[in-house]
Amino acid sequence: RAGSLPPSTRILGFSRTPMTDDAWRTSLRETTLHHAGGEPFSETAWQKFAATLSYQQGDIASAADFGSLKQRLTAIEGDGSATRVYYLATAPQFYAPTVRALGAIGMATETDGPRRIVVEKPFGTDLSTARTLNDQLHAVFDESQIYRIDHYLGKESVQNIIALRFANTIFEPVWNRRYIDHVQITVAEEVPVGRRGSYYESAGVLRDMFQNHLLQLLMVTAMEAPVRFNANAVRNEKVKVLDAIRPLDLGEVAGAGLRGQYRGYLVEPGVAADSQTATFGALRLEVDNWRWQGVPFYLRSGKAMSCRTTQIVIAFRQPPLELFAGGKHSSHREANRLVIQIQPAEGIQLHFHTKVPGDGMRLRLTDLDFSYSREFHGRIPEAYEPLLLDVMTGDASLFARSDEVEKSWEIIDPFVRAWSSVDMPTIDAYEPGDWGPLSSTEWMEAQGRTWFDVCPILT
């Protein structure tokens, strides 16, 4: 619809379900209509897109079916070279056999053009399985061919963090331990687990949100400026952030995080009656480098919370001298904050103090807003759209590299092991619609801080 796809693009679906090309197109049309929301549906645009779609029945366990797939792709491409993207929209247990099957018939070699493979999260369930998955991928594909996709990095506001910091001289000079007190990163979901109980029992909030989404947001917030804006330079700086995060042993984990479970989780389908799985988590991570030493990063995420939102809050330090206190003056205890809202609406808000008109020097916290939808007066691309185009053009800047995935697990694994231990105290409960258990508030207050209200500031 936006005209971004190259005219020569062809899309071939492959699965075990018997289906004709037309039947697959009809199925995709219905799915598109279902997810279109209130956006207008253009029949002309759909027909143009549908002409790119074809379908091939096959089983990933069948070498003969993969041989037929290869022949079909060759016929579609015709003479000359072409870029192929293999998107593994499968359960994780099928990644390895699919990759092996592609390699066995030479579908990973690049003699006739680039060959790229896209893998969705989860990238393993711990450090060991992540390493195994990377080894399986590397046995067939070079790292430069592998695109580990996390849709959070496709959001405009996430990419805008890099632009905000490194394209504007007003922010980078204060983006450090001298001016920033702490950083809060929140990914809150209003919905409960629902029908995903079986999955959530094996994942929990740490595997589901922290190892990928939250650490990705931390990395782009804390990274140094890359020497140039290309894939390896950007990813090198992100990995340096992970390298600098203070490692914790099992004995230190208890004080660096807490967990919770919403009331009603135990009766969700697929959930064990005595489950201790965390549906809420909060962590304190320290980045031990020159820029961030002593600045804690607080990460929290949960299900069945007060609202759906994702925000990064940069909490600045108080001024060194309190000038406006007492008499006709008003004390302003709230420090400046820069809020980057990732969802539901994307934008930025700066909180700063201004004088209230009238007698005395009374101050009030006011806001300066930037909204993507308001500023650009148009549809903001869904997160997957720019990422898929990046795969086609070979730009891996917004995709996780193997070392990044493994280092992420090195950070999260101690929390996973500790929270799974039988020695852990009974998990704290919270009511659906709350911001996690009361212990989360008390935990922050014990550190002299409070969680910010992060229900959407921009709509």
# chains A, B, ... in the order shown; residues from 1 in each chain; ligands from 1
$ select_by_dssp --residues "range 118-201 of chain A" --states "helix (DSSP H, G or I)" --output "VMD selection string"
chain A and resid 127 to 138 143 to 145 151 to 154 156 to 166 172 to 174 194 to 201
$ atom_distance --atom1 "CA of Ala418 in chain A" --atom2 "CA of Ala254 in chain A"
7.8 Å
$ residues_around --residues "Ile11 in chain A" --least-positions-apart "3" --cutoff "9 Å" --atoms "only C-alpha atoms" --output "VMD selection string"
chain A and resid 52 to 55
$ write_last_selection --atoms "C-alpha atoms" --output "PDB file, in the first residue's frame"
ATOM      1  CA  THR A  52       3.141 -11.517  -5.534  1.00  0.00           C
ATOM      2  CA  LEU A  53       1.839 -14.459  -3.454  1.00  0.00           C
ATOM      3  CA  SER A  54       2.303 -18.154  -4.176  1.00  0.00           C
ATOM      4  CA  TYR A  55       2.037 -21.277  -2.042  1.00  0.00           C
TER       5      TYR A  55
END
$ closest_residue --among "A:Glu322, A:Asp142, A:Gln159, A:Gly270" --to "Arg401 in chain A" --atoms "only C-alpha atoms"
A:Asp142
$ closest_atom_pairs --of "range 191-248 of chain A" --to "range 404-412 of chain A" --cutoff "8 Å" --atoms "only C-alpha atoms" --output "CSV"
residue,atom,partner,partner_atom,distance
A:Leu206,CA,A:Ile412,CA,7.2
A:Phe210,CA,A:Ile412,CA,7.4
A:Gln211,CA,A:Ser408,CA,5.8
A:Asn212,CA,A:Ser408,CA,7.5
A:Leu215,CA,A:Ser408,CA,7.2
A:Arg235,CA,A:Glu404,CA,7.9
A:Lys238,CA,A:Glu404,CA,7.6
A:Val239,CA,A:Glu404,CA,5.5
A:Leu242,CA,A:Lys407,CA,6.4
A:Asp243,CA,A:Lys407,CA,7.3
A:Ile245,CA,A:Ile411,CA,7.7
A:Pro247,CA,A:Ile411,CA,6.7
A:Leu248,CA,A:Ile411,CA,7.8
$ residues_around --residues "Val416 in chain A" --least-positions-apart "5" --cutoff "9 Å" --atoms "only C-alpha atoms" --output "ChimeraX atom specification"
/A:126,204,206-207,421
$ residues_around --residues "range 167-170 of chain A" --least-positions-apart "5" --cutoff "12 Å" --atoms "only C-alpha atoms" --output "PyMOL selection string"
chain A and resi 160-162+175+225+229
$ closest_atom_pairs --of "range 107-190 of chain A" --to "range 330-348 of chain A" --cutoff "12 Å" --atoms "only C-alpha atoms" --output "JSON lines"
{"residue": "A:His151", "atom": "CA", "partner": "A:Ile342", "partner_atom": "CA", "distance": 11.6}
{"residue": "A:Tyr152", "atom": "CA", "partner": "A:Ile342", "partner_atom": "CA", "distance": 8.4}
{"residue": "A:Leu153", "atom": "CA", "partner": "A:Ile342", "partner_atom": "CA", "distance": 10.1}
{"residue": "A:Gly154", "atom": "CA", "partner": "A:Ile342", "partner_atom": "CA", "distance": 10.6}
{"residue": "A:Lys155", "atom": "CA", "partner": "A:Ile342", "partner_atom": "CA", "distance": 7.2}
{"residue": "A:Glu156", "atom": "CA", "partner": "A:Glu346", "partner_atom": "CA", "distance": 7.4}
{"residue": "A:Ser157", "atom": "CA", "partner": "A:Ile342", "partner_atom": "CA", "distance": 5.6}
{"residue": "A:Val158", "atom": "CA", "partner": "A:Ile342", "partner_atom": "CA", "distance": 6.6}
{"residue": "A:Gln159", "atom": "CA", "partner": "A:Ile342", "partner_atom": "CA", "distance": 10.0}
{"residue": "A:Asn160", "atom": "CA", "partner": "A:Gly347", "partner_atom": "CA", "distance": 9.1}
{"residue": "A:Ile161", "atom": "CA", "partner": "A:Ile340", "partner_atom": "CA", "distance": 8.0}
{"residue": "A:Ile162", "atom": "CA", "partner": "A:Ile340", "partner_atom": "CA", "distance": 11.8}
{"residue": "A:Leu164", "atom": "CA", "partner": "A:Ile348", "partner_atom": "CA", "distance": 9.8}
{"residue": "A:Arg165", "atom": "CA", "partner": "A:Ile340", "partner_atom": "CA", "distance": 12.0}
{"residue": "A:Phe171", "atom": "CA", "partner": "A:Leu338", "partner_atom": "CA", "distance": 10.2}
{"residue": "A:Val174", "atom": "CA", "partner": "A:Leu338", "partner_atom": "CA", "distance": 11.5}
{"residue": "A:Trp175", "atom": "CA", "partner": "A:Leu338", "partner_atom": "CA", "distance": 10.8}
{"residue": "A:Tyr179", "atom": "CA", "partner": "A:Asn336", "partner_atom": "CA", "distance": 10.1}
{"residue": "A:Ile180", "atom": "CA", "partner": "A:Arg337", "partner_atom": "CA", "distance": 9.3}
{"residue": "A:Asp181", "atom": "CA", "partner": "A:Ala335", "partner_atom": "CA", "distance": 9.3}
{"residue": "A:His182", "atom": "CA", "partner": "A:Arg337", "partner_atom": "CA", "distance": 10.1}
{"residue": "A:Val183", "atom": "CA", "partner": "A:Arg337", "partner_atom": "CA", "distance": 9.6}
{"residue": "A:Gln184", "atom": "CA", "partner": "A:Val339", "partner_atom": "CA", "distance": 9.5}
{"residue": "A:Ile185", "atom": "CA", "partner": "A:Ile340", "partner_atom": "CA", "distance": 9.5}
{"residue": "A:Thr186", "atom": "CA", "partner": "A:Gln341", "partner_atom": "CA", "distance": 9.7}
{"residue": "A:Val187", "atom": "CA", "partner": "A:Gln343", "partner_atom": "CA", "distance": 9.0}
{"residue": "A:Ala188", "atom": "CA", "partner": "A:Gln343", "partner_atom": "CA", "distance": 9.8}
{"residue": "A:Glu189", "atom": "CA", "partner": "A:Gln343", "partner_atom": "CA", "distance": 10.6}
{"residue": "A:Glu190", "atom": "CA", "partner": "A:Pro344", "partner_atom": "CA", "distance": 11.6}
$ write_last_selection --atoms "N, CA and C atoms" --output "PDB file, in the first residue's frame"
ATOM      1  N   HIS A 151      10.591  -7.014  17.241  1.00  0.00           N
ATOM      2  CA  HIS A 151       9.782  -5.938  16.656  1.00  0.00           C
ATOM      3  C   HIS A 151       9.910  -4.619  17.416  1.00  0.00           C
ATOM      4  N   TYR A 152      10.343  -4.654  18.676  1.00  0.00           N
ATOM      5  CA  TYR A 152      10.507  -3.402  19.415  1.00  0.00           C
ATOM      6  C   TYR A 152      11.496  -2.468  18.731  1.00  0.00           C
ATOM      7  N   LEU A 153      12.527  -3.045  18.112  1.00  0.00           N
ATOM      8  CA  LEU A 153      13.545  -2.208  17.477  1.00  0.00           C
ATOM      9  C   LEU A 153      13.057  -1.616  16.160  1.00  0.00           C
ATOM     10  N   GLY A 154      11.905  -2.064  15.674  1.00  0.00           N
ATOM     11  CA  GLY A 154      11.336  -1.480  14.467  1.00  0.00           C
ATOM     12  C   GLY A 154      10.460  -0.276  14.744  1.00  0.00           C
ATOM     13  N   LYS A 155      10.171  -0.017  16.011  1.00  0.00           N
ATOM     14  CA  LYS A 155       9.323   1.121  16.356  1.00  0.00           C
ATOM     15  C   LYS A 155      10.086   2.425  16.149  1.00  0.00           C
ATOM     16  N   GLU A 156       9.409   3.398  15.578  1.00  0.00           N
ATOM     17  CA  GLU A 156      10.053   4.667  15.251  1.00  0.00           C
ATOM     18  C   GLU A 156      10.671   5.327  16.481  1.00  0.00           C
ATOM     19  N   SER A 157       9.960   5.264  17.608  1.00  0.00           N
ATOM     20  CA  SER A 157      10.452   5.955  18.796  1.00  0.00           C
ATOM     21  C   SER A 157      11.699   5.302  19.370  1.00  0.00           C
ATOM     22  N   VAL A 158      11.863   3.990  19.176  1.00  0.00           N
ATOM     23  CA  VAL A 158      13.089   3.331  19.626  1.00  0.00           C
ATOM     24  C   VAL A 158      14.261   3.785  18.768  1.00  0.00           C
ATOM     25  N   GLN A 159      14.054   3.790  17.453  1.00  0.00           N
ATOM     26  CA  GLN A 159      15.113   4.271  16.570  1.00  0.00           C
ATOM     27  C   GLN A 159      15.396   5.755  16.815  1.00  0.00           C
ATOM     28  N   ASN A 160      14.354   6.478  17.224  1.00  0.00           N
ATOM     29  CA  ASN A 160      14.524   7.910  17.455  1.00  0.00           C
ATOM     30  C   ASN A 160      15.386   8.204  18.677  1.00  0.00           C
ATOM     31  N   ILE A 161      15.543   7.237  19.579  1.00  0.00           N
ATOM     32  CA  ILE A 161      16.446   7.440  20.712  1.00  0.00           C
ATOM     33  C   ILE A 161      17.859   7.694  20.208  1.00  0.00           C
ATOM     34  N   ILE A 162      18.265   6.939  19.194  1.00  0.00           N
ATOM     35  CA  ILE A 162      19.597   7.124  18.624  1.00  0.00           C
ATOM     36  C   ILE A 162      19.704   8.501  17.983  1.00  0.00           C
ATOM     37  N   LEU A 164      17.785  11.152  18.695  1.00  0.00           N
ATOM     38  CA  LEU A 164      17.665  12.145  19.763  1.00  0.00           C
ATOM     39  C   LEU A 164      19.016  12.403  20.420  1.00  0.00           C
ATOM     40  N   ARG A 165      19.744  11.349  20.677  1.00  0.00           N
ATOM     41  CA  ARG A 165      21.009  11.476  21.403  1.00  0.00           C
ATOM     42  C   ARG A 165      22.139  11.998  20.525  1.00  0.00           C
ATOM     43  N   PHE A 171      21.253  17.220  24.061  1.00  0.00           N
ATOM     44  CA  PHE A 171      21.004  16.088  24.946  1.00  0.00           C
ATOM     45  C   PHE A 171      22.277  15.342  25.352  1.00  0.00           C
ATOM     46  N   VAL A 174      24.408  16.040  28.583  1.00  0.00           N
ATOM     47  CA  VAL A 174      23.848  15.748  29.912  1.00  0.00           C
ATOM     48  C   VAL A 174      23.446  14.282  30.050  1.00  0.00           C
ATOM     49  N   TRP A 175      23.785  13.473  29.064  1.00  0.00           N
ATOM     50  CA  TRP A 175      23.379  12.062  29.052  1.00  0.00           C
ATOM     51  C   TRP A 175      24.450  11.229  29.769  1.00  0.00           C
ATOM     52  N   TYR A 179      24.589  14.187  35.416  1.00  0.00           N
ATOM     53  CA  TYR A 179      23.286  14.860  35.360  1.00  0.00           C
ATOM     54  C   TYR A 179      22.098  13.914  35.539  1.00  0.00           C
ATOM     55  N   ILE A 180      22.286  12.621  35.330  1.00  0.00           N
ATOM     56  CA  ILE A 180      21.173  11.671  35.415  1.00  0.00           C
ATOM     57  C   ILE A 180      21.249  10.900  36.728  1.00  0.00           C
ATOM     58  N   ASP A 181      20.130  10.878  37.453  1.00  0.00           N
ATOM     59  CA  ASP A 181      20.055  10.159  38.727  1.00  0.00           C
ATOM     60  C   ASP A 181      19.818   8.668  38.505  1.00  0.00           C
ATOM     61  N   HIS A 182      18.843   8.356  37.664  1.00  0.00           N
ATOM     62  CA  HIS A 182      18.557   6.954  37.358  1.00  0.00           C
ATOM     63  C   HIS A 182      17.683   6.888  36.111  1.00  0.00           C
ATOM     64  N   VAL A 183      17.481   5.682  35.615  1.00  0.00           N
ATOM     65  CA  VAL A 183      16.661   5.444  34.427  1.00  0.00           C
ATOM     66  C   VAL A 183      15.640   4.369  34.764  1.00  0.00           C
ATOM     67  N   GLN A 184      14.379   4.603  34.377  1.00  0.00           N
ATOM     68  CA  GLN A 184      13.328   3.592  34.531  1.00  0.00           C
ATOM     69  C   GLN A 184      12.830   3.165  33.153  1.00  0.00           C
ATOM     70  N   ILE A 185      12.773   1.860  32.936  1.00  0.00           N
ATOM     71  CA  ILE A 185      12.255   1.318  31.680  1.00  0.00           C
ATOM     72  C   ILE A 185      11.106   0.379  32.025  1.00  0.00           C
ATOM     73  N   THR A 186       9.927   0.685  31.516  1.00  0.00           N
ATOM     74  CA  THR A 186       8.722  -0.075  31.848  1.00  0.00           C
ATOM     75  C   THR A 186       8.065  -0.612  30.588  1.00  0.00           C
ATOM     76  N   VAL A 187       7.745  -1.896  30.601  1.00  0.00           N
ATOM     77  CA  VAL A 187       6.904  -2.505  29.571  1.00  0.00           C
ATOM     78  C   VAL A 187       5.713  -3.124  30.299  1.00  0.00           C
ATOM     79  N   ALA A 188       4.576  -2.452  30.256  1.00  0.00           N
ATOM     80  CA  ALA A 188       3.389  -2.892  30.984  1.00  0.00           C
ATOM     81  C   ALA A 188       2.324  -3.372  30.010  1.00  0.00           C
ATOM     82  N   GLU A 189       1.698  -4.489  30.356  1.00  0.00           N
ATOM     83  CA  GLU A 189       0.607  -5.042  29.551  1.00  0.00           C
ATOM     84  C   GLU A 189      -0.652  -5.084  30.404  1.00  0.00           C
ATOM     85  N   GLU A 190      -1.731  -4.582  29.851  1.00  0.00           N
ATOM     86  CA  GLU A 190      -2.994  -4.530  30.592  1.00  0.00           C
ATOM     87  C   GLU A 190      -3.687  -5.890  30.614  1.00  0.00           C
TER      88      GLU A 190
END
$ closest_residue --among "A:Asp249, A:Glu201, A:Asp135, A:Asp79" --to "Ala278 in chain A" --atoms "only C-alpha atoms"
A:Glu201
$ atom_distance --atom1 "CA of Glu120 in chain A" --atom2 "CA of Asp150 in chain A"
7.0 Å
$ residues_around --residues "Arg263 in chain A" --least-positions-apart "4" --cutoff "12 Å" --atoms "only C-alpha atoms" --output "number ranges by chain"
A: 192-193, 267-268, 275-276, 278-280, 303-305, 427-434, 436-437
$ residues_around --residues "Leu73 in chain A" --least-positions-apart "3" --cutoff "10 Å" --atoms "only C-alpha atoms" --output "short mmCIF file (atom, residue, chain, number, x, y, z; two decimals) with C-alpha atoms, in the first residue's frame"
data_model
loop_
_atom_site.label_atom_id
_atom_site.label_comp_id
_atom_site.auth_asym_id
_atom_site.auth_seq_id
_atom_site.Cartn_x
_atom_site.Cartn_y
_atom_site.Cartn_z
CA ARG A 10 7.64 -12.51 -4.82
CA ILE A 11 6.42 -14.23 -1.63
CA LEU A 12 6.15 -18.02 -1.38
CA GLN A 56 3.93 -24.57 -1.83
CA SER A 68 10.45 -29.24 -4.79
CA LEU A 69 10.61 -25.94 -2.90
CA LYS A 70 14.01 -25.21 -4.40
CA ILE A 76 9.83 -17.98 -9.84
CA GLU A 77 13.18 -16.21 -10.03
CA GLY A 78 13.92 -17.12 -13.64
CA ARG A 84 16.12 -14.70 -1.02
#
$ decode --residues "range 147-170 of chain A" --atoms "N, CA and C atoms" --output "CSV table (one decimal), in the first residue's frame"
chain,number,residue,atom,x,y,z
A,147,TYR,N,19.3,-12.8,10.6
A,147,TYR,CA,18.6,-11.7,11.1
A,147,TYR,C,17.6,-12.1,12.2
A,148,ARG,N,18.0,-11.8,13.5
A,148,ARG,CA,17.2,-12.2,14.7
A,148,ARG,C,16.3,-11.0,14.9
A,149,ILE,N,15.0,-11.2,14.7
A,149,ILE,CA,14.1,-10.0,14.7
A,149,ILE,C,13.4,-9.8,16.0
A,150,ASP,N,13.4,-8.6,16.5
A,150,ASP,CA,12.7,-8.1,17.7
A,150,ASP,C,11.9,-6.9,17.3
A,151,HIS,N,10.6,-7.0,17.2
A,151,HIS,CA,9.8,-5.9,16.7
A,151,HIS,C,9.9,-4.6,17.4
A,152,TYR,N,10.3,-4.7,18.7
A,152,TYR,CA,10.5,-3.4,19.4
A,152,TYR,C,11.5,-2.5,18.7
A,153,LEU,N,12.5,-3.0,18.1
A,153,LEU,CA,13.5,-2.2,17.5
A,153,LEU,C,13.1,-1.6,16.2
A,154,GLY,N,11.9,-2.1,15.7
A,154,GLY,CA,11.3,-1.5,14.5
A,154,GLY,C,10.5,-0.3,14.7
A,155,LYS,N,10.2,0.0,16.0
A,155,LYS,CA,9.3,1.1,16.4
A,155,LYS,C,10.1,2.4,16.1
A,156,GLU,N,9.4,3.4,15.6
A,156,GLU,CA,10.1,4.7,15.3
A,156,GLU,C,10.7,5.3,16.5
A,157,SER,N,10.0,5.3,17.6
A,157,SER,CA,10.5,6.0,18.8
A,157,SER,C,11.7,5.3,19.4
A,158,VAL,N,11.9,4.0,19.2
A,158,VAL,CA,13.1,3.3,19.6
A,158,VAL,C,14.3,3.8,18.8
A,159,GLN,N,14.1,3.8,17.5
A,159,GLN,CA,15.1,4.3,16.6
A,159,GLN,C,15.4,5.8,16.8
A,160,ASN,N,14.4,6.5,17.2
A,160,ASN,CA,14.5,7.9,17.5
A,160,ASN,C,15.4,8.2,18.7
A,161,ILE,N,15.5,7.2,19.6
A,161,ILE,CA,16.4,7.4,20.7
A,161,ILE,C,17.9,7.7,20.2
A,162,ILE,N,18.3,6.9,19.2
A,162,ILE,CA,19.6,7.1,18.6
A,162,ILE,C,19.7,8.5,18.0
A,163,ALA,N,18.7,8.9,17.2
A,163,ALA,CA,18.7,10.2,16.6
A,163,ALA,C,18.6,11.3,17.7
A,164,LEU,N,17.8,11.2,18.7
A,164,LEU,CA,17.7,12.1,19.8
A,164,LEU,C,19.0,12.4,20.4
A,165,ARG,N,19.7,11.3,20.7
A,165,ARG,CA,21.0,11.5,21.4
A,165,ARG,C,22.1,12.0,20.5
A,166,PHE,N,22.3,11.5,19.3
A,166,PHE,CA,23.5,11.7,18.5
A,166,PHE,C,23.3,12.7,17.4
A,167,ALA,N,22.1,13.2,17.2
A,167,ALA,CA,21.9,14.2,16.2
A,167,ALA,C,21.5,15.6,16.8
A,168,ASN,N,21.5,15.6,18.1
A,168,ASN,CA,21.1,16.9,18.8
A,168,ASN,C,22.2,17.2,19.9
A,169,THR,N,22.8,18.3,19.8
A,169,THR,CA,23.9,18.6,20.8
A,169,THR,C,23.3,19.0,22.2
A,170,ILE,N,22.0,19.2,22.3
A,170,ILE,CA,21.5,19.6,23.6
A,170,ILE,C,21.3,18.5,24.6
